[in-house]
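What follows is the content of start-v7.cif, which has mmCIF, C-alpha atoms:
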```
data_data
loop_
_atom_site.label_atom_id
_atom_site.label_comp_id
_atom_site.auth_asym_id
_atom_site.auth_seq_id
_atom_site.Cartn_x
_atom_site.Cartn_y
_atom_site.Cartn_z
CA MET L 1 96.57 101.82 119.89
CA PHE L 2 92.85 101.12 119.30
CA ARG L 3 91.31 104.33 120.65
CA SER L 4 89.43 105.16 117.43
CA LEU L 5 87.42 101.94 117.80
CA ARG L 6 85.56 103.58 120.71
CA LEU L 7 83.57 105.47 118.08
CA TYR L 8 80.51 103.67 116.67
CA ASN L 9 80.89 104.98 113.12
CA PHE L 10 84.55 104.02 112.92
CA ARG L 11 83.85 100.52 114.26
CA ILE L 12 81.21 99.96 111.58
CA TRP L 13 83.49 101.39 108.88
CA PHE L 14 86.49 99.33 110.08
CA LEU L 15 84.61 96.01 110.09
CA GLY L 16 83.04 96.60 106.67
CA ALA L 17 86.38 97.62 105.19
CA LEU L 18 88.13 94.61 106.76
CA VAL L 19 85.77 92.10 105.11
CA SER L 20 85.92 93.95 101.79
CA ASN L 21 89.72 94.13 101.92
CA ILE L 22 89.98 90.37 102.48
CA GLY L 23 88.03 89.87 99.28
CA GLY L 24 90.13 92.47 97.50
CA TRP L 25 93.35 90.65 98.34
CA MET L 26 91.80 87.37 97.23
CA GLN L 27 90.90 88.90 93.87
CA ALA L 28 94.32 90.54 93.42
CA THR L 29 96.04 87.20 94.01
CA ALA L 30 93.72 85.38 91.61
CA GLN L 31 94.08 88.03 88.91
CA ASP L 32 97.87 87.94 89.04
CA TRP L 33 97.89 84.14 88.90
CA VAL L 34 95.43 84.05 85.99
CA VAL L 35 97.57 86.41 83.92
CA LEU L 36 100.83 84.66 84.81
CA THR L 37 99.80 81.02 84.39
CA GLN L 38 96.42 80.70 82.61
CA LEU L 39 96.45 83.49 80.03
CA THR L 40 100.23 83.52 79.41
CA ASP L 41 103.19 81.21 79.89
CA ASN L 42 104.77 82.84 82.97
CA ASP L 43 104.95 86.24 81.22
CA ALA L 44 105.90 88.80 83.88
CA THR L 45 105.69 91.61 81.31
CA ALA L 46 101.99 90.85 80.74
CA MET L 47 101.45 91.04 84.49
CA GLY L 48 103.21 94.40 84.53
CA ILE L 49 100.90 95.66 81.77
CA THR L 50 97.87 94.47 83.74
CA MET L 51 99.07 96.35 86.81
CA ALA L 52 99.76 99.43 84.70
CA LEU L 53 96.20 99.41 83.32
CA GLN L 54 94.77 98.94 86.80
CA PHE L 55 96.86 101.61 88.53
CA GLY L 56 97.25 104.09 85.68
CA PRO L 57 93.81 105.80 85.86
CA PRO L 58 94.45 107.37 89.31
CA LEU L 59 97.36 109.25 87.73
CA LEU L 60 95.51 110.26 84.56
CA LEU L 61 92.29 111.27 86.34
CA VAL L 62 93.86 112.86 89.40
CA GLY L 63 92.36 116.32 88.79
CA ILE L 64 88.76 115.25 88.51
CA THR L 65 88.80 112.44 91.10
CA GLY L 66 90.10 114.72 93.85
CA TRP L 67 87.56 117.39 92.96
CA VAL L 68 84.75 114.82 93.06
CA ALA L 69 85.89 113.63 96.51
CA ASP L 70 85.75 117.20 97.81
CA ARG L 71 82.62 118.27 95.97
CA PHE L 72 80.15 115.41 96.52
CA ASP L 73 78.92 113.33 99.44
CA ARG L 74 81.70 110.80 100.01
CA ARG L 75 79.42 108.21 101.59
CA ARG L 76 77.16 108.10 98.53
CA LEU L 77 80.14 108.21 96.20
CA LEU L 78 81.61 105.16 97.94
CA MET L 79 78.33 103.27 97.65
CA ILE L 80 78.41 103.86 93.88
CA THR L 81 82.05 102.84 93.41
CA GLN L 82 81.68 99.74 95.58
CA THR L 83 78.65 98.65 93.57
CA VAL L 84 80.52 99.09 90.29
CA LEU L 85 83.52 97.14 91.59
CA MET L 86 81.22 94.32 92.72
CA THR L 87 79.62 94.15 89.27
CA LEU L 88 83.01 93.99 87.54
CA ALA L 89 84.15 91.17 89.85
CA VAL L 90 81.04 89.13 89.05
CA ALA L 91 81.61 89.63 85.31
CA VAL L 92 85.23 88.45 85.49
CA GLY L 93 84.26 85.44 87.59
CA VAL L 94 81.54 84.38 85.15
CA LEU L 95 83.87 84.71 82.14
CA LEU L 96 86.56 82.64 83.86
CA LEU L 97 84.11 79.94 84.89
CA SER L 98 82.72 79.77 81.35
CA GLY L 99 86.26 79.47 79.90
CA VAL L 100 86.02 82.42 77.50
CA MET L 101 88.35 84.86 79.26
CA THR L 102 91.27 86.10 77.13
CA LEU L 103 94.27 88.29 77.89
CA PRO L 104 92.88 91.35 76.01
CA MET L 105 89.60 90.97 77.89
CA MET L 106 91.49 90.83 81.20
CA PHE L 107 93.35 93.99 80.20
CA CYS L 108 89.98 95.71 79.63
CA PHE L 109 88.65 94.60 83.02
CA ALA L 110 91.88 95.74 84.71
CA LEU L 111 91.32 99.16 83.16
CA GLY L 112 87.72 99.14 84.41
CA PHE L 113 88.87 98.31 87.94
CA GLY L 114 91.48 101.07 87.67
CA ILE L 115 89.03 103.78 86.59
CA THR L 116 86.58 102.90 89.35
CA ASN L 117 89.31 102.74 91.99
CA ALA L 118 90.57 106.14 90.82
CA PHE L 119 87.34 107.62 92.20
CA ASP L 120 87.05 105.21 95.13
CA ALA L 121 90.55 105.60 96.65
CA PRO L 122 90.64 109.36 97.44
CA ALA L 123 87.04 109.30 98.66
CA ARG L 124 87.79 106.32 100.90
CA GLN L 125 90.95 107.89 102.31
CA ALA L 126 89.28 111.24 102.97
CA PHE L 127 86.15 109.60 104.41
CA VAL L 128 88.18 108.42 107.40
CA THR L 129 88.48 112.05 108.55
CA ASP L 130 84.71 112.44 108.04
CA VAL L 131 84.13 109.55 110.45
CA VAL L 132 86.52 110.63 113.24
CA ALA L 133 87.43 113.97 114.80
CA ARG L 134 90.78 115.64 114.27
CA ASP L 135 92.31 114.25 117.49
CA TYR L 136 91.65 110.69 116.29
CA ALA L 137 92.74 111.20 112.68
CA ALA L 138 96.31 109.84 112.86
CA ASN L 139 95.21 106.81 114.88
CA ALA L 140 92.26 106.13 112.56
CA VAL L 141 94.49 106.29 109.48
CA ALA L 142 96.93 103.82 111.07
CA LEU L 143 94.14 101.44 112.12
CA ASN L 144 92.69 101.67 108.63
CA ALA L 145 96.07 100.56 107.31
CA ALA L 146 96.20 97.82 109.96
CA GLY L 147 92.85 96.49 108.75
CA PHE L 148 94.03 96.61 105.15
CA ASN L 149 97.16 94.63 105.96
CA GLY L 150 95.35 92.35 108.40
CA ALA L 151 93.16 91.37 105.48
CA ARG L 152 96.33 90.70 103.54
CA LEU L 153 97.23 88.02 106.07
CA PHE L 154 94.24 85.92 105.06
CA GLY L 155 93.16 87.03 101.58
CA PRO L 156 96.12 85.83 99.46
CA ALA L 157 96.50 82.55 101.34
CA VAL L 158 92.76 81.78 101.08
CA ALA L 159 92.85 82.71 97.40
CA GLY L 160 95.81 80.40 96.77
CA PHE L 161 94.03 77.41 98.29
CA LEU L 162 90.72 78.26 96.56
CA ILE L 163 92.51 78.45 93.21
CA VAL L 164 93.84 74.94 93.77
CA LEU L 165 90.49 73.58 95.01
CA VAL L 166 87.83 75.27 92.84
CA GLY L 167 89.59 77.54 90.34
CA THR L 168 90.16 81.27 89.92
CA GLY L 169 86.64 82.13 88.77
CA TRP L 170 85.09 81.38 92.15
CA VAL L 171 87.63 83.64 93.84
CA PHE L 172 86.26 86.62 91.89
CA ILE L 173 82.69 85.60 92.79
CA ALA L 174 83.68 85.38 96.48
CA ASN L 175 85.22 88.85 96.31
CA ALA L 176 82.02 90.24 94.79
CA ALA L 177 80.13 88.95 97.85
CA THR L 178 82.50 90.76 100.25
CA PHE L 179 81.57 94.12 98.72
CA LEU L 180 78.19 93.70 100.40
CA ALA L 181 79.91 94.14 103.78
CA MET L 182 81.14 97.61 102.79
CA LEU L 183 77.72 98.58 101.39
CA VAL L 184 76.01 97.46 104.61
CA ALA L 185 78.55 99.39 106.71
CA LEU L 186 77.98 102.57 104.70
CA ALA L 187 74.23 102.15 105.15
CA LEU L 188 74.54 101.64 108.95
CA ILE L 189 76.80 104.65 109.57
CA ARG L 190 75.08 107.37 111.59
CA ARG L 191 75.14 110.30 109.21
CA HIS L 192 74.35 112.86 111.92
CA GLU L 193 77.57 111.86 113.74
CA LEU L 194 79.82 112.45 110.71
CA ILE L 195 82.25 115.36 111.03
CA PRO L 196 80.97 118.41 109.08
CA ARG L 197 83.31 119.31 106.26
CA LEU L 198 83.76 122.32 104.02
CA ARG L 199 83.18 122.00 100.29
CA ALA L 200 85.13 124.24 97.97
CA PRO L 201 82.74 125.96 95.54
CA GLY L 202 82.77 125.46 91.80
CA ALA L 203 84.99 123.91 89.16
CA ALA L 204 87.33 126.91 89.31
CA ARG L 205 88.82 125.33 92.43
CA LEU L 206 89.88 122.20 90.54
CA ALA L 207 93.58 123.20 90.51
CA ASP L 208 93.77 124.26 94.17
CA GLY L 209 95.16 120.88 95.18
CA PHE L 210 98.08 121.29 92.76
CA ARG L 211 98.75 124.84 93.92
CA TYR L 212 98.57 123.83 97.57
CA VAL L 213 101.07 120.99 97.19
CA ALA L 214 103.38 123.13 95.02
CA ARG L 215 103.77 125.54 97.94
CA ARG L 216 104.43 122.81 100.51
CA PRO L 217 108.02 121.53 100.11
CA ASP L 218 107.47 118.94 102.83
CA LEU L 219 104.59 117.41 100.87
CA ILE L 220 106.62 117.44 97.66
CA VAL L 221 109.41 115.49 99.36
CA THR L 222 106.85 113.05 100.78
CA PHE L 223 105.37 112.51 97.33
CA VAL L 224 108.81 111.93 95.78
CA ILE L 225 109.63 109.29 98.40
CA VAL L 226 106.29 107.54 97.88
CA PHE L 227 106.69 107.69 94.09
CA LEU L 228 110.11 106.01 94.10
CA ILE L 229 108.92 103.21 96.39
CA GLY L 230 105.62 102.82 94.55
CA ALA L 231 107.16 102.73 91.08
CA PHE L 232 110.07 100.35 91.60
CA GLY L 233 109.76 98.79 95.05
CA MET L 234 106.12 97.85 95.56
CA ASN L 235 105.70 95.50 92.60
CA PHE L 236 105.10 92.63 95.03
CA PRO L 237 102.78 90.64 92.72
CA ILE L 238 105.59 90.45 90.16
CA PHE L 239 108.30 89.75 92.74
CA ALA L 240 106.39 87.16 94.79
CA SER L 241 104.84 85.28 91.86
CA THR L 242 108.07 85.02 89.86
CA MET L 243 110.06 84.04 92.96
CA ALA L 244 107.42 81.41 93.78
CA VAL L 245 107.86 79.96 90.29
CA GLU L 246 111.66 80.09 90.67
CA PHE L 247 111.43 78.12 93.93
CA GLY L 248 109.10 75.58 92.29
CA GLN L 249 105.97 76.64 94.18
CA GLY L 250 102.38 76.78 92.91
CA ALA L 251 99.48 79.16 93.50
CA ASP L 252 99.28 78.16 97.17
CA GLY L 253 102.98 78.97 97.65
CA TYR L 254 102.47 82.37 96.02
CA GLY L 255 99.50 83.09 98.30
CA VAL L 256 101.52 82.14 101.37
CA LEU L 257 104.27 84.59 100.36
CA SER L 258 101.73 87.40 100.12
CA SER L 259 100.33 86.53 103.55
CA ILE L 260 103.79 86.37 105.11
CA LEU L 261 104.52 89.80 103.68
CA ALA L 262 101.37 90.97 105.47
CA ILE L 263 102.69 89.81 108.87
CA GLY L 264 105.31 92.55 108.81
CA SER L 265 102.83 94.95 107.24
CA LEU L 266 100.34 94.47 110.06
CA ALA L 267 103.05 94.95 112.69
CA GLY L 268 104.16 98.19 111.02
CA ALA L 269 100.59 99.52 110.89
CA LEU L 270 99.91 98.72 114.56
CA LEU L 271 103.13 100.37 115.72
CA SER L 272 102.21 103.41 113.65
CA ALA L 273 98.86 103.52 115.47
CA ARG L 274 100.72 103.90 118.79
CA ARG L 275 102.46 107.09 117.70
CA ASP L 276 100.84 110.36 118.64
CA LYS L 277 101.50 111.87 115.22
CA ALA L 278 103.07 111.08 111.86
CA ARG L 279 106.66 112.28 111.44
CA MET L 280 108.53 112.58 108.17
CA ARG L 281 111.76 111.26 109.64
CA VAL L 282 110.03 107.94 110.36
CA ALA L 283 108.99 107.69 106.70
CA MET L 284 112.55 108.42 105.58
CA MET L 285 114.07 105.78 107.85
CA ALA L 286 111.46 103.27 106.70
CA ALA L 287 112.36 103.98 103.06
CA GLY L 288 116.00 103.22 103.81
CA GLY L 289 115.07 100.06 105.71
CA PHE L 290 112.89 98.97 102.80
CA GLY L 291 115.87 99.29 100.45
CA VAL L 292 118.18 97.29 102.71
CA PHE L 293 115.77 94.41 103.38
CA SER L 294 114.64 94.23 99.74
CA ILE L 295 118.22 93.73 98.61
CA LEU L 296 118.76 91.14 101.34
CA SER L 297 115.61 89.27 100.30
CA ALA L 298 116.91 89.04 96.73
CA MET L 299 119.96 87.18 98.06
CA MET L 300 118.00 84.50 99.92
CA PRO L 301 118.79 81.03 98.49
CA THR L 302 115.68 79.14 99.66
CA TYR L 303 111.93 79.65 99.79
CA PRO L 304 111.70 79.75 103.64
CA LEU L 305 114.52 82.30 103.93
CA TYR L 306 112.98 84.49 101.24
CA ALA L 307 109.64 84.30 103.04
CA ALA L 308 111.29 85.31 106.33
CA ALA L 309 112.92 88.34 104.68
CA LEU L 310 109.52 89.45 103.36
CA VAL L 311 108.33 90.03 106.94
CA PHE L 312 110.82 92.87 107.32
CA VAL L 313 110.10 94.20 103.83
CA GLY L 314 106.39 94.36 104.68
CA PHE L 315 107.11 96.08 108.01
CA MET L 316 109.14 98.83 106.38
CA THR L 317 106.67 99.27 103.52
CA VAL L 318 103.63 99.85 105.70
CA THR L 319 105.52 101.98 108.21
CA LEU L 320 106.47 104.24 105.32
CA LEU L 321 103.02 104.37 103.70
CA THR L 322 101.06 104.74 106.95
CA THR L 323 103.32 107.54 108.15
CA ALA L 324 103.21 109.34 104.81
CA ASN L 325 99.43 108.99 104.57
CA GLY L 326 98.94 110.20 108.14
CA TYR L 327 101.27 113.15 107.60
CA VAL L 328 99.41 114.23 104.47
CA GLN L 329 95.98 113.90 106.08
CA THR L 330 96.79 115.62 109.37
CA THR L 331 98.73 118.58 107.92
CA THR L 332 96.46 119.39 104.97
CA ASP L 333 93.62 121.88 105.21
CA PRO L 334 90.17 120.23 105.18
CA ALA L 335 88.96 122.36 102.24
CA VAL L 336 91.48 120.78 99.87
CA ARG L 337 92.11 117.48 101.62
CA GLY L 338 90.27 115.40 99.02
CA ARG L 339 92.29 116.85 96.16
CA VAL L 340 95.60 116.55 98.00
CA LEU L 341 94.79 112.91 98.87
CA ALA L 342 93.88 112.32 95.23
CA LEU L 343 97.34 113.59 94.30
CA TYR L 344 98.88 111.35 96.95
CA MET L 345 96.99 108.30 95.67
CA ALA L 346 97.86 109.24 92.08
CA VAL L 347 101.55 109.36 93.00
CA LEU L 348 101.33 106.05 94.89
CA MET L 349 99.09 104.10 92.52
CA GLY L 350 100.03 105.97 89.35
CA ALA L 351 103.68 105.12 89.88
CA THR L 352 102.86 101.48 89.15
CA PRO L 353 102.25 101.98 85.39
CA ILE L 354 105.77 103.38 85.20
CA GLY L 355 107.55 100.87 87.37
CA ALA L 356 105.59 97.63 86.92
CA PRO L 357 106.37 97.12 83.20
CA ILE L 358 110.01 97.93 83.90
CA ALA L 359 110.10 95.47 86.81
CA GLY L 360 108.40 92.81 84.68
CA TRP L 361 110.87 93.33 81.85
CA VAL L 362 113.83 93.15 84.25
CA ALA L 363 112.40 89.96 85.77
CA ASP L 364 111.99 88.38 82.32
CA THR L 365 115.44 89.49 81.11
CA TRP L 366 117.71 89.10 84.15
CA GLY L 367 115.52 87.20 86.60
CA PRO L 368 113.26 88.20 89.51
CA ARG L 369 116.16 88.80 91.88
CA SER L 370 117.44 91.64 89.70
CA ALA L 371 113.98 93.24 89.71
CA ILE L 372 113.88 93.07 93.51
CA VAL L 373 117.34 94.67 93.75
CA LEU L 374 116.09 97.50 91.52
CA GLY L 375 113.29 98.13 94.02
CA GLY L 376 115.78 98.10 96.89
CA VAL L 377 117.97 100.68 95.17
CA ALA L 378 114.87 102.86 94.71
CA GLY L 379 114.23 102.64 98.47
CA LEU L 380 117.77 103.79 99.26
CA ALA L 381 117.38 106.65 96.76
CA ALA L 382 114.10 107.69 98.42
CA CYS L 383 115.83 107.78 101.81
CA ALA L 384 118.64 109.89 100.31
CA VAL L 385 116.09 112.38 98.95
CA GLY L 386 114.53 112.78 102.39
CA VAL L 387 117.86 113.15 104.19
CA THR L 388 119.02 115.73 101.64
CA TRP L 389 115.85 117.77 102.23
CA LEU L 390 116.36 117.61 105.99
CA LEU L 391 119.87 119.00 105.61
CA VAL L 392 118.92 121.70 103.10
CA SER L 393 115.85 122.84 105.07
CA GLY L 394 117.93 123.42 108.19
CA ARG L 395 116.10 120.87 110.32
CA VAL L 396 119.28 118.97 111.25
CA ARG L 397 121.18 120.87 113.92
CA ARG L 398 124.01 120.31 116.33
CA ASP L 399 122.87 119.49 119.83
CA THR L 400 123.73 122.41 122.11
CA ALA L 401 124.37 120.08 125.04
CA ARG L 402 126.57 117.57 123.19
CA ARG L 403 129.14 118.80 120.71
CA PHE L 404 129.18 115.84 118.31
CA ARG L 405 125.49 114.92 118.44
CA LEU L 406 123.01 116.01 115.76
CA THR L 407 119.28 116.48 116.37
CA ILE L 408 116.29 116.86 114.06
CA ASP L 409 114.22 119.90 114.91
CA GLU L 410 110.57 118.83 114.60
CA THR L 411 109.33 122.37 115.33
CA THR L 412 110.99 124.07 112.37
CA PRO L 413 108.04 125.62 110.53
CA VAL L 414 107.21 125.15 106.88
CA ALA L 415 105.19 127.96 105.34
CA VAL L 416 101.72 126.96 104.21
CA ILE L 417 100.12 129.11 101.51
CA ALA L 418 96.36 128.63 101.59
CA PRO L 419 93.91 128.89 98.68
CA GLU L 420 92.19 132.24 98.31
CA GLU L 421 88.80 131.45 99.83
CA PHE L 422 90.01 130.09 103.17
CA SER L 423 87.71 131.31 105.93
CA ASP L 424 87.81 131.64 109.70
CA GLU L 425 85.78 128.43 109.87
CA VAL L 426 88.50 126.57 107.99
CA MET L 427 91.19 128.03 110.22
CA SER L 428 89.35 126.90 113.35
CA THR L 429 89.03 123.32 112.10
CA THR L 430 92.45 122.87 110.48
CA PRO L 431 94.65 120.12 111.97
CA ILE L 432 97.76 122.21 111.34
CA ARG L 433 99.39 123.03 114.64
CA ILE L 434 100.76 126.53 115.10
CA PRO L 435 104.20 126.52 116.80
CA GLU L 436 104.83 128.84 119.70
CA ARG L 437 106.93 131.96 119.28
CA ARG L 438 110.49 132.09 120.51
CA ARG L 439 111.17 133.24 124.03
CA GLY L 440 110.90 136.95 124.57
CA ARG L 441 108.42 137.45 121.75
CA PRO L 442 104.75 137.29 122.75
CA ALA L 443 102.47 135.21 120.52
CA PRO L 444 99.53 137.07 118.99
CA SER L 445 96.03 135.97 119.88
CA ALA L 446 95.19 135.04 116.29
CA ARG L 447 96.80 134.75 112.90
CA THR L 448 95.55 135.18 109.42
CA PRO L 449 95.41 132.08 107.19
CA ALA L 450 98.41 133.25 105.19
CA GLU L 451 100.51 133.31 108.40
CA ARG L 452 99.79 129.75 109.38
CA THR L 453 102.67 127.30 109.55
CA THR L 454 102.98 123.61 110.16
CA PRO L 455 105.81 121.89 112.04
#
```
Please re-express this file's structure in C-alpha cells.
Amino acid sequence: MFRSLRLYNFRIWFLGALVSNIGGWMQATAQDWVVLTQLTDNDATAMGITMALQFGPPLLLVGITGWVADRFDRRRLLMITQTVLMTLAVAVGVLLLSGVMTLPMMFCFALGFGITNAFDAPARQAFVTDVVARDYAANAVALNAAGFNGARLFGPAVAGFLIVLVGTGWVFIANAATFLAMLVALALIRRHELIPRLRAPGAARLADGFRYVARRPDLIVTFVIVFLIGAFGMNFPIFASTMAVEFGQGADGYGVLSSILAIGSLAGALLSARRDKARMRVAMMAAGGFGVFSILSAMMPTYPLYAAALVFVGFMTVTLLTTANGYVQTTTDPAVRGRVLALYMAVLMGATPIGAPIAGWVADTWGPRSAIVLGGVAGLAACAVGVTWLLVSGRVRRDTARRFRLTIDETTPVAVIAPEEFSDEVMSTTPIRIPERRRGRPAPSARTPAERTTP
C-alpha cells in the first residue's frame, strides 16, 4: 500500500503536499463560510458563482495549461504557481481582517485562485510521474489522493474551530504559511533522480492532447463519467454548508461534516493504493455507489445520520476519482500526458461552473436535499454510461465455464492512435501494456507505434 514512500523524492513531495493540502482545505472551508454567512444572507447561489469562478479557468484555459505542463520544467512551474497562490491567500486574509472585503472582491479573488490553479493542477498531477518510475505510478497516484483526503480530515474541522475562535481572516493567513511546506519540498527534491521525460516540440503540438483523447473511446467514457459526477455530484461545499444550516449547526458543524466526508475519502484512496492497476469497471461501480449513497444521505432526518451517510459518499467519490486519475495517467503516452491530464482536470474542475450554480439554485428553490438528489441521479447516469460502453465495446461476455455467468474481459484491446512524432524512445517508456497474441499466432518481436494497444 505504501511502496512509493520508499523513494526519497516521493516522501519529500508527499509530506510537502500533505501540509499544503491541509491549509488548502482550511481556506476552502473559510471561503465558503465567508460567502454564505458574512458576505450574503445564506445565499447558496452566490456560493455557486464563487465556485464557478474558481473552477471555470481550468476549462477555459485547458489548451494552454496542458501545453505549458508538457513544455516547461514542472518543478519550476509549481514553485511559481505555489508562490502566487500564497500571495493571493495573504491578500484575502488581510482584507478580511481589515473588514473591507466585499462579495465582488471575493469573486475577483476566486477567479485569481482559479486561473493560478488552472496551471498548477495539471503540472502537479503530471509531476507525480516525474518523481516515480512507471511501476510505481498507480500506487503513487493513489497515495497522492490519500494525502489529499487525509488533509481533508483535519483541514475543514480546524478551519471551523478557527473561524469561531479568531475569525476567517486568520484562516487564510494560516493557509498562506502552509504553502512554504510545498516550496521547501520542491527545493529539497533531488533533481538528478527525477524520471527523464520527453517534451513535445513547438506550439504546433498544442492540439495533440485533443486528438489523442478523441481516438481513445475508453478515455472519452472516463471523462464523461467524471464530468457528470463533477458537475452535479461533487458540490459538497454547497451540500454540506446548506445542510449544516438546515440542521441548526454553525461553522464548526460545517467543518466537522467536511472532515467526516474525508474519512470515507481516505479509506477509498488507501484501498485504491492496494490495487495493482486502475480498472475502469471499478470507476463505474463507484459512480453507481455514489449515486445510491447520495440519495440515501438526502433522506437522513438528523445531523448524525447525515454525517454517517457522508462517510460512504466520500468513499465512493475518491474511489472513482483515484481510479479514473490512475487509469488516465498509466495508459497515456508520456509525450502527451500533461495535455491529457489538463483535459482531465478541465473536465473535473471545469464541470463545477456548470453544475455549482445549478445546484445552488436548486438548493435555494427546493432545499438542499433536492440538490443532493440531483447529484445522486447524475452518479447513476454516469454508471449507466459506463455499463453501456462495456456492452457496446464487447467487453462483457458469457463465461464459457458457466452458462448464466457474465464476465468482463479486461484484455480486450482498445486501439491507440499516437501523435505523428512518436519515437522509439517514447515506445520504450510508455506505460501502455501490449496484450499477448491469441494462441496459435506468434507475437512479433516489436510493433510500430501505430500498432500499439492498451487493455
The PyMOL selection byres ((chain L and resi 226-240) around 8) - which residues does that actually catch in the file I just gave you? List them as a VMD selection string. chain L and resid 29 32 44 47 to 48 222 to 225 241 to 244 254 257 to 258 287 321 324 347 to 349 351 to 356 359 to 360 368 to 369 371 to 372 374 to 376 378 to 379 381 to 382
Excluding L:Leu78 and residues on its chain fewer than 6 positions from it, collect all residues at most 7 Å away from it, counting all atoms listed in the file, and give them as a list in words.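 Listed by chain and then number, they are Asp120, Ala123 and Arg124 of chain L.
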Closest to L:Leu85 among L:Leu53, L:Val282, L:Ala118, L:Ala157, using all atoms listed in the file?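 Once distances to L:Leu85 are computed over all atoms listed in the file, the minimum belongs to L:Ala118.
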Considering all atoms listed in the file, can you say which of L:Ser265, L:Ile260, L:Thr323, L:Gly56 comes closest to L:Met284?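 Residue with the minimum atom-to-atom distance to L:Met284: L:Thr323.
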Residues matched by the PyMOL selection byres ((chain L and resi 262) around 9) as a PyMOL selection string: chain L and resi 149-154+257-261+263-267+310-311+314-315
With C-alpha atoms retained, export the selected residues as a CSV table (one decimal), keeping the file's coordinate frame.
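Done, and the output landed in result.csv:
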```csv
chain,number,residue,atom,x,y,z
L,149,ASN,CA,97.2,94.6,106.0
L,150,GLY,CA,95.4,92.4,108.4
L,151,ALA,CA,93.2,91.4,105.5
L,152,ARG,CA,96.3,90.7,103.5
L,153,LEU,CA,97.2,88.0,106.1
L,154,PHE,CA,94.2,85.9,105.1
L,257,LEU,CA,104.3,84.6,100.4
L,258,SER,CA,101.7,87.4,100.1
L,259,SER,CA,100.3,86.5,103.6
L,260,ILE,CA,103.8,86.4,105.1
L,261,LEU,CA,104.5,89.8,103.7
L,263,ILE,CA,102.7,89.8,108.9
L,264,GLY,CA,105.3,92.6,108.8
L,265,SER,CA,102.8,95.0,107.2
L,266,LEU,CA,100.3,94.5,110.1
L,267,ALA,CA,103.0,95.0,112.7
L,310,LEU,CA,109.5,89.4,103.4
L,311,VAL,CA,108.3,90.0,106.9
L,314,GLY,CA,106.4,94.4,104.7
L,315,PHE,CA,107.1,96.1,108.0
```
